>>> print(open('start_23.pdb').read())   # PDB, C-alpha atoms
MODEL        1
ATOM      1  CA  MET A   1      21.402  10.790 -12.708
ATOM      2  CA  THR A   2      19.125  13.488 -11.455
ATOM      3  CA  SER A   3      19.867  14.415  -7.873
ATOM      4  CA  ILE A   4      17.475  16.409  -5.863
ATOM      5  CA  ASP A   5      17.936  18.442  -2.748
ATOM      6  CA  VAL A   6      14.793  18.690  -0.732
ATOM      7  CA  ARG A   7      14.782  21.504   1.757
ATOM      8  CA  GLY A   8      12.243  23.950   2.929
ATOM      9  CA  GLY A   9      10.318  21.483   5.032
ATOM     10  CA  ARG A  10      10.525  23.602   8.138
ATOM     11  CA  SER A  11       8.196  26.419   8.988
ATOM     12  CA  PRO A  12       9.649  29.741   7.871
ATOM     13  CA  GLN A  13       9.692  31.413  11.245
ATOM     14  CA  ALA A  14      12.894  31.491  13.202
ATOM     15  CA  THR A  15      13.635  28.274  15.010
ATOM     16  CA  THR A  16      12.510  28.495  18.590
ATOM     17  CA  ARG A  17      13.882  26.833  21.658
ATOM     18  CA  GLY A  18      11.892  23.763  22.506
ATOM     19  CA  SER A  19      10.747  22.984  18.983
ATOM     20  CA  VAL A  20      14.089  21.854  17.565
ATOM     21  CA  GLY A  21      13.857  18.304  16.287
ATOM     22  CA  LEU A  22      10.089  18.114  16.291
ATOM     23  CA  ARG A  23       8.756  16.492  13.167
ATOM     24  CA  ILE A  24       5.223  15.870  11.988
ATOM     25  CA  ARG A  25       4.534  13.132   9.495
ATOM     26  CA  LEU A  26       1.389  13.435   7.396
ATOM     27  CA  LEU A  27       2.329  11.172   4.467
ATOM     28  CA  GLY A  28       1.100   7.632   4.906
ATOM     29  CA  GLY A  29      -0.375   8.475   8.301
ATOM     30  CA  PHE A  30       0.141  10.816  11.232
ATOM     31  CA  SER A  31       3.029  10.783  13.651
ATOM     32  CA  LEU A  32       4.843  13.274  15.860
ATOM     33  CA  SER A  33       8.465  12.703  16.738
ATOM     34  CA  ASP A  34      11.185  14.549  18.594
ATOM     35  CA  GLU A  35      14.749  13.831  17.548
ATOM     36  CA  HIS A  36      13.488  10.708  15.774
ATOM     37  CA  VAL A  37      11.691   9.415  18.867
ATOM     38  CA  ASP A  38       7.975   8.904  18.303
ATOM     39  CA  ILE A  39       5.651  10.735  20.686
ATOM     40  CA  THR A  40       2.258   9.239  21.393
ATOM     41  CA  ILE A  41      -0.553  11.777  21.485
ATOM     42  CA  SER A  42      -4.291  11.278  21.520
ATOM     43  CA  GLU A  43      -6.677  11.801  18.633
ATOM     44  CA  ALA A  44      -7.790  15.389  19.219
ATOM     45  CA  PRO A  45      -4.244  16.800  19.390
ATOM     46  CA  GLN A  46      -3.351  14.753  16.313
ATOM     47  CA  ARG A  47      -6.199  16.344  14.395
ATOM     48  CA  LEU A  48      -5.265  19.813  15.597
ATOM     49  CA  LEU A  49      -1.598  19.448  14.623
ATOM     50  CA  ALA A  50      -2.475  17.866  11.288
ATOM     51  CA  PHE A  51      -4.977  20.606  10.500
ATOM     52  CA  LEU A  52      -2.488  23.370  11.250
ATOM     53  CA  ALA A  53       0.286  21.616   9.331
ATOM     54  CA  LEU A  54      -1.967  21.334   6.302
ATOM     55  CA  ARG A  55      -3.042  24.991   6.539
ATOM     56  CA  ARG A  56       0.593  26.135   6.823
ATOM     57  CA  ARG A  57      -0.408  29.543   8.165
ATOM     58  CA  PRO A  58      -2.011  30.985  11.304
ATOM     59  CA  VAL A  59      -5.739  30.403  11.636
ATOM     60  CA  ARG A  60      -8.332  31.946  13.879
ATOM     61  CA  ARG A  61      -9.188  29.787  16.848
ATOM     62  CA  THR A  62     -12.888  29.957  16.126
ATOM     63  CA  PHE A  63     -12.273  28.783  12.573
ATOM     64  CA  ALA A  64     -10.127  25.864  13.697
ATOM     65  CA  ALA A  65     -12.719  24.889  16.292
ATOM     66  CA  GLY A  66     -15.536  25.003  13.749
ATOM     67  CA  VAL A  67     -13.653  22.863  11.243
ATOM     68  CA  LEU A  68     -12.368  20.304  13.739
ATOM     69  CA  TRP A  69     -15.667  19.901  15.595
ATOM     70  CA  PRO A  70     -18.205  20.470  12.802
ATOM     71  CA  ASP A  71     -21.138  18.608  14.326
ATOM     72  CA  VAL A  72     -21.551  20.718  17.460
ATOM     73  CA  SER A  73     -22.355  24.352  18.208
ATOM     74  CA  GLN A  74     -19.607  26.956  17.848
ATOM     75  CA  GLU A  75     -19.624  27.399  21.601
ATOM     76  CA  HIS A  76     -19.174  23.685  22.154
ATOM     77  CA  ALA A  77     -16.463  23.544  19.472
ATOM     78  CA  ASN A  78     -14.590  26.431  21.111
ATOM     79  CA  SER A  79     -14.800  24.609  24.410
ATOM     80  CA  SER A  80     -13.460  21.396  22.858
ATOM     81  CA  LEU A  81     -10.542  23.313  21.364
ATOM     82  CA  ARG A  82      -9.731  24.942  24.701
ATOM     83  CA  SER A  83      -9.862  21.553  26.367
ATOM     84  CA  THR A  84      -7.574  20.039  23.755
ATOM     85  CA  LEU A  85      -5.058  22.860  24.132
ATOM     86  CA  THR A  86      -5.113  22.532  27.906
ATOM     87  CA  ARG A  87      -4.408  18.819  27.772
ATOM     88  CA  LEU A  88      -1.572  18.960  25.239
ATOM     89  CA  ASP A  89       1.601  17.347  26.441
ATOM     90  CA  GLU A  90       4.830  19.331  26.378
ATOM     91  CA  ALA A  91       6.050  18.179  22.967
ATOM     92  CA  ALA A  92       2.765  18.796  21.207
ATOM     93  CA  ARG A  93       2.400  22.134  22.967
ATOM     94  CA  SER A  94       5.837  23.254  21.807
ATOM     95  CA  ALA A  95       4.802  22.537  18.224
ATOM     96  CA  LEU A  96       2.139  25.218  18.461
ATOM     97  CA  THR A  97       2.047  28.967  18.788
ATOM     98  CA  VAL A  98      -1.144  29.867  20.616
ATOM     99  CA  THR A  99      -2.510  33.384  21.041
ATOM    100  CA  PRO A 100      -5.904  34.429  22.364
ATOM    101  CA  SER A 101      -7.215  34.642  18.811
ATOM    102  CA  GLN A 102      -4.963  32.493  16.627
ATOM    103  CA  LEU A 103      -3.201  29.158  16.303
ATOM    104  CA  ALA A 104      -0.164  28.349  14.192
ATOM    105  CA  MET A 105       2.692  25.915  13.883
ATOM    106  CA  SER A 106       5.740  26.990  15.840
ATOM    107  CA  GLY A 107       8.891  27.921  13.971
ATOM    108  CA  GLY A 108      11.342  25.149  13.220
ATOM    109  CA  ILE A 109       8.820  22.343  13.032
ATOM    110  CA  ALA A 110       9.575  19.920  10.211
ATOM    111  CA  VAL A 111       6.681  18.478   8.236
ATOM    112  CA  ASP A 112       7.271  15.713   5.694
ATOM    113  CA  LEU A 113       4.523  16.980   3.400
ATOM    114  CA  TRP A 114       6.152  20.400   3.200
ATOM    115  CA  GLU A 115       9.397  18.747   2.103
ATOM    116  CA  SER A 116       7.651  16.670  -0.538
ATOM    117  CA  GLU A 117       5.678  19.672  -1.765
ATOM    118  CA  GLU A 118       8.937  21.559  -2.157
ATOM    119  CA  LEU A 119      10.317  18.663  -4.160
ATOM    120  CA  ALA A 120       7.225  18.619  -6.381
ATOM    121  CA  ARG A 121       7.528  22.380  -6.876
ATOM    122  CA  LYS A 122      11.159  22.080  -7.927
ATOM    123  CA  LEU A 123      10.361  19.284 -10.344
ATOM    124  CA  ALA A 124       7.664  21.422 -11.927
ATOM    125  CA  SER A 125      10.007  24.367 -12.410
ATOM    126  CA  PRO A 126      12.609  23.897 -15.171
ATOM    127  CA  HIS A 127      14.424  27.022 -14.002
ATOM    128  CA  ASP A 128      14.771  25.832 -10.432
ATOM    129  CA  ALA A 129      18.094  24.044 -10.223
ATOM    130  CA  LEU A 130      18.038  20.574  -8.755
ATOM    131  CA  THR A 131      21.077  20.328  -6.536
ATOM    132  CA  ILE A 132      22.785  17.309  -5.144
ATOM    133  CA  GLY A 133      21.393  16.088  -1.884
ATOM    134  CA  ARG A 134      19.024  13.184  -2.357
ATOM    135  CA  SER A 135      18.899  10.315  -4.764
ATOM    136  CA  SER A 136      16.154   9.885  -7.262
ATOM    137  CA  SER A 137      15.017   6.819  -5.353
ATOM    138  CA  ALA A 138      14.472   8.984  -2.279
ATOM    139  CA  ALA A 139      12.598  11.483  -4.421
ATOM    140  CA  ILE A 140      10.326   8.746  -5.730
ATOM    141  CA  ASP A 141       9.720   7.534  -2.187
ATOM    142  CA  ALA A 142       8.835  11.081  -1.127
ATOM    143  CA  LEU A 143       6.207  11.241  -3.858
ATOM    144  CA  CYS A 144       4.647   7.816  -3.329
ATOM    145  CA  LEU A 145       2.549   8.404  -0.235
ATOM    146  CA  ASP A 146      -0.856  10.003   0.192
ATOM    147  CA  VAL A 147      -1.723  12.512   2.897
ATOM    148  CA  LEU A 148      -3.420  10.946   5.928
ATOM    149  CA  PRO A 149      -4.924   8.101   3.882
ATOM    150  CA  ASP A 150      -7.163   6.804   6.645
ATOM    151  CA  TRP A 151      -8.603  10.166   7.694
ATOM    152  CA  TYR A 152     -12.079  11.081   6.488
ATOM    153  CA  GLU A 153     -12.695  14.617   7.686
ATOM    154  CA  ASP A 154     -13.531  16.993   4.830
ATOM    155  CA  TRP A 155     -10.445  19.146   5.364
ATOM    156  CA  ALA A 156      -8.165  16.106   5.321
ATOM    157  CA  ILE A 157      -9.722  14.678   2.158
ATOM    158  CA  VAL A 158      -9.445  17.983   0.302
ATOM    159  CA  ALA A 159      -5.787  18.306   1.263
ATOM    160  CA  ALA A 160      -5.143  14.684   0.316
ATOM    161  CA  GLU A 161      -6.676  15.154  -3.115
ATOM    162  CA  ALA A 162      -4.687  18.337  -3.758
ATOM    163  CA  TRP A 163      -1.445  16.594  -2.829
ATOM    164  CA  ARG A 164      -2.373  13.547  -4.883
ATOM    165  CA  GLN A 165      -2.641  15.671  -8.019
ATOM    166  CA  ARG A 166       0.671  17.381  -7.350
ATOM    167  CA  ARG A 167       2.542  14.181  -6.617
ATOM    168  CA  LEU A 168       1.246  12.368  -9.705
ATOM    169  CA  HIS A 169       2.292  15.266 -11.894
ATOM    170  CA  ALA A 170       5.684  15.393 -10.175
ATOM    171  CA  LEU A 171       6.230  11.648 -10.625
ATOM    172  CA  GLU A 172       5.532  11.916 -14.345
ATOM    173  CA  THR A 173       7.861  14.895 -14.640
ATOM    174  CA  LEU A 174      10.524  13.012 -12.710
ATOM    175  CA  ALA A 175      10.094  10.003 -15.009
ATOM    176  CA  ASP A 176      10.587  12.204 -18.069
ATOM    177  CA  ASP A 177      13.621  13.951 -16.542
ATOM    178  CA  LEU A 178      15.244  10.658 -15.578
ATOM    179  CA  ARG A 179      14.544   9.236 -19.029
ATOM    180  CA  GLY A 180      16.254  12.281 -20.510
ATOM    181  CA  ASN A 181      19.250  11.558 -18.296
ATOM    182  CA  ARG A 182      19.184   7.900 -19.388
ATOM    183  CA  SER A 183      18.441   6.735 -15.842
ATOM    184  CA  PHE A 184      15.962   4.277 -17.213
ATOM    185  CA  GLY A 185      15.503   2.085 -14.152
ATOM    186  CA  GLU A 186      14.616   4.988 -11.894
ATOM    187  CA  ALA A 187      12.537   6.592 -14.640
ATOM    188  CA  ALA A 188      10.505   3.395 -14.880
ATOM    189  CA  SER A 189      10.113   3.334 -11.092
ATOM    190  CA  ALA A 190       8.789   6.898 -11.066
ATOM    191  CA  ALA A 191       6.314   6.178 -13.851
ATOM    192  CA  GLN A 192       5.237   2.929 -12.183
ATOM    193  CA  ALA A 193       4.601   4.754  -8.898
ATOM    194  CA  ALA A 194       2.238   7.098 -10.722
ATOM    195  CA  ILE A 195       0.539   4.152 -12.420
ATOM    196  CA  ASP A 196       0.076   2.379  -9.097
ATOM    197  CA  ALA A 197      -1.729   5.444  -7.756
ATOM    198  CA  ASP A 198      -4.016   5.711 -10.759
ATOM    199  CA  PRO A 199      -4.020   2.646 -13.034
ATOM    200  CA  LEU A 200      -6.571   3.991 -15.510
ATOM    201  CA  ARG A 201      -4.943   7.363 -16.128
ATOM    202  CA  GLU A 202      -3.170   7.436 -19.470
ATOM    203  CA  SER A 203      -0.361   9.937 -18.968
ATOM    204  CA  PRO A 204       1.733   7.813 -16.561
ATOM    205  CA  ARG A 205       1.259   4.811 -18.846
ATOM    206  CA  ALA A 206       2.557   6.897 -21.730
ATOM    207  CA  ALA A 207       5.494   7.993 -19.574
ATOM    208  CA  LEU A 208       6.421   4.364 -18.895
ATOM    209  CA  VAL A 209       6.039   3.427 -22.562
ATOM    210  CA  ARG A 210       8.405   6.286 -23.466
ATOM    211  CA  VAL A 211      10.946   5.023 -20.921
ATOM    212  CA  HIS A 212      10.883   1.515 -22.404
ATOM    213  CA  LEU A 213      11.204   2.868 -25.927
ATOM    214  CA  ALA A 214      14.082   5.180 -24.997
ATOM    215  CA  GLU A 215      15.868   2.209 -23.502
ATOM    216  CA  GLY A 216      15.272   0.209 -26.667
ATOM    217  CA  ASN A 217      12.899  -2.231 -24.988
ATOM    218  CA  VAL A 218      10.201  -2.211 -27.630
ATOM    219  CA  SER A 219       8.720  -5.465 -26.373
ATOM    220  CA  ASP A 220       8.313  -4.021 -22.849
ATOM    221  CA  ALA A 221       6.681  -0.922 -24.328
ATOM    222  CA  ILE A 222       4.264  -3.058 -26.324
ATOM    223  CA  ARG A 223       3.508  -5.217 -23.288
ATOM    224  CA  GLU A 224       2.836  -2.166 -21.101
ATOM    225  CA  PHE A 225       0.520  -0.742 -23.727
ATOM    226  CA  ALA A 226      -1.276  -4.093 -24.077
ATOM    227  CA  GLN A 227      -1.812  -4.331 -20.320
ATOM    228  CA  TYR A 228      -3.232  -0.805 -20.226
ATOM    229  CA  ARG A 229      -5.481  -1.479 -23.201
ATOM    230  CA  LYS A 230      -6.781  -4.666 -21.579
ATOM    231  CA  LEU A 231      -7.521  -2.851 -18.315
ATOM    232  CA  LEU A 232      -9.231   0.042 -20.058
ATOM    233  CA  LEU A 233     -11.403  -2.274 -22.143
ATOM    234  CA  ARG A 234     -12.357  -4.347 -19.105
ATOM    235  CA  GLU A 235     -13.148  -1.422 -16.797
ATOM    236  CA  LEU A 236     -14.574   1.173 -19.173
ATOM    237  CA  GLY A 237     -15.098  -0.563 -22.512
ATOM    238  CA  LEU A 238     -12.825   1.999 -24.150
ATOM    239  CA  GLU A 239      -9.730   1.943 -26.329
ATOM    240  CA  PRO A 240      -6.629   3.969 -25.396
ATOM    241  CA  THR A 241      -6.253   7.262 -27.216
ATOM    242  CA  ALA A 242      -4.580   7.496 -30.599
ATOM    243  CA  ARG A 243      -1.790   9.406 -28.879
ATOM    244  CA  ILE A 244      -0.481   6.504 -26.810
ATOM    245  CA  GLN A 245      -1.206   4.016 -29.586
ATOM    246  CA  ALA A 246       0.953   6.075 -31.915
ATOM    247  CA  LEU A 247       3.846   5.899 -29.439
ATOM    248  CA  VAL A 248       3.907   2.132 -29.779
ATOM    249  CA  ASN A 249       2.861   1.764 -33.396
ATOM    250  CA  GLU A 250       5.672   3.891 -34.744
ATOM    251  CA  ARG A 251       8.206   1.514 -33.165
ATOM    252  CA  ARG A 252       6.638  -1.808 -34.060
TER     253      ARG A 252
ATOM    254  CA  MET B 253     -28.154   4.667   6.672
ATOM    255  CA  ASN B 254     -29.727   5.854   9.872
ATOM    256  CA  GLN B 255     -29.633   9.394  11.194
ATOM    257  CA  GLN B 256     -26.651   8.694  13.402
ATOM    258  CA  GLN B 257     -24.450   7.565  10.530
ATOM    259  CA  THR B 258     -22.450   9.681   8.181
ATOM    260  CA  GLY B 259     -21.974   8.505   4.631
ATOM    261  CA  LEU B 260     -19.107   9.744   2.530
ATOM    262  CA  MET B 261     -18.758   9.775  -1.250
ATOM    263  CA  VAL B 262     -15.821  11.339  -3.060
ATOM    264  CA  LEU B 263     -15.836  11.938  -6.805
ATOM    265  CA  ARG B 264     -12.591  12.645  -8.636
ATOM    266  CA  VAL B 265     -13.170  13.927 -12.159
ATOM    267  CA  TRP B 266     -10.747  14.364 -15.028
ATOM    268  CA  THR B 267     -10.680  14.091 -18.799
ATOM    269  CA  GLU B 268      -8.577  12.037 -21.162
ATOM    270  CA  GLU B 269      -8.351  14.251 -24.203
ATOM    271  CA  GLY B 270      -8.468  12.272 -27.424
ATOM    272  CA  SER B 271     -10.524   9.429 -25.987
ATOM    273  CA  ALA B 272     -13.827   8.450 -27.584
ATOM    274  CA  ALA B 273     -15.367   9.151 -24.156
ATOM    275  CA  PRO B 274     -13.033  11.648 -22.448
ATOM    276  CA  LEU B 275     -14.779  11.906 -19.081
ATOM    277  CA  ARG B 276     -13.355   9.900 -16.192
ATOM    278  CA  VAL B 277     -14.908   9.821 -12.749
ATOM    279  CA  ASP B 278     -13.398   7.937  -9.820
ATOM    280  CA  ILE B 279     -15.902   7.294  -7.050
ATOM    281  CA  ARG B 280     -15.044   6.240  -3.511
ATOM    282  CA  GLN B 281     -17.778   5.755  -0.986
ATOM    283  CA  THR B 282     -18.471   4.476   2.487
ATOM    284  CA  THR B 283     -21.303   4.508   4.978
ATOM    285  CA  ASP B 284     -18.846   3.828   7.791
ATOM    286  CA  PRO B 285     -15.998   6.352   7.449
ATOM    287  CA  PRO B 286     -13.903   4.964  10.329
ATOM    288  CA  SER B 287     -13.622   1.682   8.445
ATOM    289  CA  GLY B 288     -12.456   3.414   5.282
ATOM    290  CA  PHE B 289     -13.578   3.452   1.693
ATOM    291  CA  HIS B 290     -14.703   0.259   0.017
ATOM    292  CA  GLY B 291     -12.503   0.777  -3.022
ATOM    293  CA  THR B 292     -12.472   2.919  -6.105
ATOM    294  CA  MET B 293     -14.719   2.638  -9.123
ATOM    295  CA  THR B 294     -14.060   4.489 -12.348
ATOM    296  CA  PHE B 295     -16.715   5.548 -14.858
ATOM    297  CA  SER B 296     -16.687   7.226 -18.224
ATOM    298  CA  ASP B 297     -20.473   7.481 -18.573
ATOM    299  CA  ILE B 298     -22.325  10.319 -16.862
ATOM    300  CA  ASP B 299     -25.509   8.278 -16.513
ATOM    301  CA  LEU B 300     -23.680   5.571 -14.602
ATOM    302  CA  VAL B 301     -22.182   8.179 -12.306
ATOM    303  CA  VAL B 302     -25.617   9.603 -11.639
ATOM    304  CA  ASP B 303     -27.024   6.109 -11.036
ATOM    305  CA  THR B 304     -24.298   5.384  -8.510
ATOM    306  CA  VAL B 305     -24.798   8.652  -6.659
ATOM    307  CA  ARG B 306     -28.561   8.197  -6.643
ATOM    308  CA  THR B 307     -28.325   4.647  -5.333
ATOM    309  CA  PHE B 308     -25.925   5.740  -2.616
ATOM    310  CA  LEU B 309     -28.268   8.495  -1.528
ATOM    311  CA  GLU B 310     -31.367   6.310  -1.698
ATOM    312  CA  THR B 311     -30.074   3.213  -0.004
ATOM    313  CA  GLY B 312     -26.868   4.120   1.779
ATOM    314  CA  ALA B 313     -25.652   0.714   0.683
ATOM    315  CA  SER B 314     -22.109  -0.111   1.666
ATOM    316  CA  ALA B 315     -20.938  -0.783  -1.848
ATOM    317  CA  VAL B 316     -23.146  -0.041  -4.789
ATOM    318  CA  ALA B 317     -22.452  -2.306  -7.723
ATOM    319  CA  VAL B 318     -23.384  -0.974 -11.105
ATOM    320  CA  GLU B 319     -22.940  -3.992 -13.280
ATOM    321  CA  ARG B 320     -23.113  -2.585 -16.714
ATOM    322  CA  ASN B 321     -19.721  -0.964 -16.834
ATOM    323  CA  GLY B 322     -17.092  -1.097 -14.186
ATOM    324  CA  SER B 323     -16.225  -2.807 -10.949
ATOM    325  CA  TRP B 324     -14.886  -1.777  -7.554
ATOM    326  CA  LEU B 325     -11.125  -1.856  -7.484
ATOM    327  CA  PRO B 326      -9.323  -2.121  -4.136
ATOM    328  CA  ARG B 327      -6.893   0.713  -4.790
ATOM    329  CA  GLY B 328      -6.134   4.241  -3.799
ATOM    330  CA  SER B 329      -8.350   4.159  -0.767
TER     331      SER B 329
ENDMDL
END
>>> encode(input="start_23.pdb", output="C-alpha cells")
Amino acid sequence: MTSIDVRGGRSPQATTRGSVGLRIRLLGGFSLSDEHVDITISEAPQRLLAFLALRRRPVRRTFAAGVLWPDVSQEHANSSLRSTLTRLDEAARSALTVTPSQLAMSGGIAVDLWESEELARKLASPHDALTIGRSSSAAIDALCLDVLPDWYEDWAIVAAEAWRQRRLHALETLADDLRGNRSFGEAASAAQAAIDADPLRESPRAALVRVHLAEGNVSDAIREFAQYRKLLLRELGLEPTARIQALVNERR
Amino acid sequence: MNQQQTGLMVLRVWTEEGSAAPLRVDIRQTTDPPSGFHGTMTFSDIDLVVDTVRTFLETGASAVAVERNGSWLPRGS
C-alpha cells in the first residue's frame, strides 16, 4: 500500500502568536476555523483571505484592491479594501500580515489547498519519497475537491482550473502507483475520482482499464471500455483512440 | 443580457492524441454567475464551439443548446 505524508500546508514564515490553529479551507468551499472551530466571517473578508491564500505570496494592496473590486475605480477599490481590513474580526485579522503597501498571509496559517498541492507535487516526483502518514484513501479524498466551486470571480476560476489540472494528473498517477503496489481497490477509486471529474477524458478511463486488467478482471475492463465508448459516441460521435482499444483487445 | 448583468463563459481546451478528431472543448456558461453554471458541454468540432460562443454573445441565453452534436451535462460545475 502506498502511504503518503502530506505536510507543507502551512505558510513558510515562522509561526506567530495568535495565528496558531487557524485554518483556511478552499477545497469544496471556503471556511475559516480556529482549532477546528468554524469562524463566521462576511463575504468581503472571505474573498480577501481566499485571494491571498491562492496567491501564496505578498501582494501590493493596490493590486489586491483592483482584483477584488474590479468594477469600480481604483480609488473606490482602495477604499473598499481599507474598509474590509478595518472591519475584520480578530481571527481573520490574525490570519493576515498588513503593511502600508502589502498584504500577505500570516505565518503558521494552514490552508487545505497547500496541503493537497504538496501531495500532488510529491505524486508527480518519482524521486520524492512518499513517507508513512496518511492512507491512500485520505490522499484520494484530498484530490477529489475543486477550489471554491461556487465562486465566479476571474481570479478564483483561474486558480480552480489550475488546481483541477494538477489534481486530475495526480489522481491518475496515484492510480498507477497503487496498481503497481497491487492495491487494486484504492487504485480503482483514484481512477474513478478522475473519471468523475472529467467523464470524457480518455486517460483516466485507460487508468481504470489497466487497474481491472492488472487485477485479472477482464470483464470489468471490457465493461468500462464499453461504457466509455458509448458515452463518447453519444456526446461527440467519436470512437475511443486505438490506444485504449488496444488495451482491451489484447486481453479479450 | 442587459447592461447590468455579467455573463460568464469558460472554455477548457485539450487534445486527445490519436483520436480521429483530437480537439476537445468543455464549455461552461451562465448569465447569472451567483446561481452558478448551467452544466458542462463538450465539443470536438471547432465550428460548433464558435456557434455556441456566438449564440451566447448574441443572445445571452441562459443555456444555449446546439443540437447537432452534444448536450449539456450537469457535471463539474
>>> interface_residues(input="start_23.pdb", of="chain A", to="chain B", cutoff="8 Å", atoms="all atoms listed in the file", output="PyMOL selection string")
chain A and resi 149-152+197-198+201-202+234-243
>>> resolve_selection(input="start_23.pdb", expression="the PyMOL selection byres ((chain A and resi 95) around 12)", output="PyMOL selection string")
chain A and resi 10-11+15-24+32-34+45-46+48-50+52-53+85+88-94+96-98+103-111
>>> atom_distance(input="start_23.pdb", atom1="atom CA of Arg166 of chain A", atom2="atom CA of Ala221 of chain A")
25.7 Å
>>> residues_around(input="start_23.pdb", residues="segment 167-184 of chain A", least_positions_apart="5", cutoff="9 Å", atoms="all atoms listed in the file", output="JSON, numbers by chain")
{"A": [1, 2, 116, 117, 119, 120, 121, 122, 123, 124, 136, 139, 140, 142, 143, 144, 145, 146, 162, 189, 190, 191, 192, 193, 194, 195, 197, 198, 203, 204, 207, 208, 210, 211, 212, 214, 215]}
>>> resolve_selection(input="start_23.pdb", expression="the PyMOL selection byres ((chain A and resi 60) around 9)", output="PyMOL selection string")
chain A and resi 58-59+61-65+101-104
>>> atom_distance(input="start_23.pdb", atom1="atom CA of Leu54 of chain A", atom2="atom CA of Trp163 of chain A")
10.3 Å
>>> build_atoms(input="start_23.pdb", residues="segment 291-312 of chain B", atoms="N, CA and C atoms", output="tab-separated table (two decimals), in the frame of the given file")
chain	number	residue	atom	x	y	z
B	291	GLY	N	-13.28	0.96	-1.80
B	291	GLY	CA	-12.50	0.78	-3.02
B	291	GLY	C	-12.80	1.94	-3.95
B	292	THR	N	-12.27	1.85	-5.13
B	292	THR	CA	-12.47	2.92	-6.10
B	292	THR	C	-13.11	2.34	-7.36
B	293	MET	N	-14.09	3.05	-7.87
B	293	MET	CA	-14.72	2.64	-9.12
B	293	MET	C	-14.59	3.79	-10.11
B	294	THR	N	-14.24	3.45	-11.34
B	294	THR	CA	-14.06	4.49	-12.35
B	294	THR	C	-15.12	4.37	-13.44
B	295	PHE	N	-15.68	5.50	-13.82
B	295	PHE	CA	-16.72	5.55	-14.86
B	295	PHE	C	-16.30	6.51	-15.97
B	296	SER	N	-16.86	6.26	-17.14
B	296	SER	CA	-16.69	7.23	-18.22
B	296	SER	C	-18.06	7.67	-18.76
B	297	ASP	N	-19.11	7.20	-18.13
B	297	ASP	CA	-20.47	7.48	-18.57
B	297	ASP	C	-21.20	8.28	-17.49
B	298	ILE	N	-21.68	9.45	-17.85
B	298	ILE	CA	-22.32	10.32	-16.86
B	298	ILE	C	-23.54	9.64	-16.24
B	299	ASP	N	-24.30	8.92	-17.04
B	299	ASP	CA	-25.51	8.28	-16.51
B	299	ASP	C	-25.17	7.26	-15.42
B	300	LEU	N	-24.08	6.55	-15.62
B	300	LEU	CA	-23.68	5.57	-14.60
B	300	LEU	C	-23.22	6.26	-13.32
B	301	VAL	N	-22.59	7.40	-13.49
B	301	VAL	CA	-22.18	8.18	-12.31
B	301	VAL	C	-23.42	8.62	-11.54
B	302	VAL	N	-24.38	9.14	-12.28
B	302	VAL	CA	-25.62	9.60	-11.64
B	302	VAL	C	-26.35	8.44	-10.97
B	303	ASP	N	-26.38	7.28	-11.64
B	303	ASP	CA	-27.02	6.11	-11.04
B	303	ASP	C	-26.36	5.74	-9.71
B	304	THR	N	-25.04	5.78	-9.72
B	304	THR	CA	-24.30	5.38	-8.51
B	304	THR	C	-24.55	6.36	-7.36
B	305	VAL	N	-24.55	7.64	-7.69
B	305	VAL	CA	-24.80	8.65	-6.66
B	305	VAL	C	-26.22	8.51	-6.14
B	306	ARG	N	-27.17	8.32	-7.06
B	306	ARG	CA	-28.56	8.20	-6.64
B	306	ARG	C	-28.77	6.99	-5.73
B	307	THR	N	-28.17	5.86	-6.14
B	307	THR	CA	-28.32	4.65	-5.33
B	307	THR	C	-27.72	4.82	-3.95
B	308	PHE	N	-26.57	5.48	-3.90
B	308	PHE	CA	-25.92	5.74	-2.62
B	308	PHE	C	-26.83	6.58	-1.73
B	309	LEU	N	-27.41	7.60	-2.31
B	309	LEU	CA	-28.27	8.49	-1.53
B	309	LEU	C	-29.56	7.80	-1.11
B	310	GLU	N	-30.09	6.95	-1.99
B	310	GLU	CA	-31.37	6.31	-1.70
B	310	GLU	C	-31.24	5.16	-0.70
B	311	THR	N	-30.18	4.43	-0.82
B	311	THR	CA	-30.07	3.21	0.00
B	311	THR	C	-29.00	3.28	1.07
B	312	GLY	N	-27.98	4.11	0.83
B	312	GLY	CA	-26.87	4.12	1.78
B	312	GLY	C	-26.16	2.78	1.81
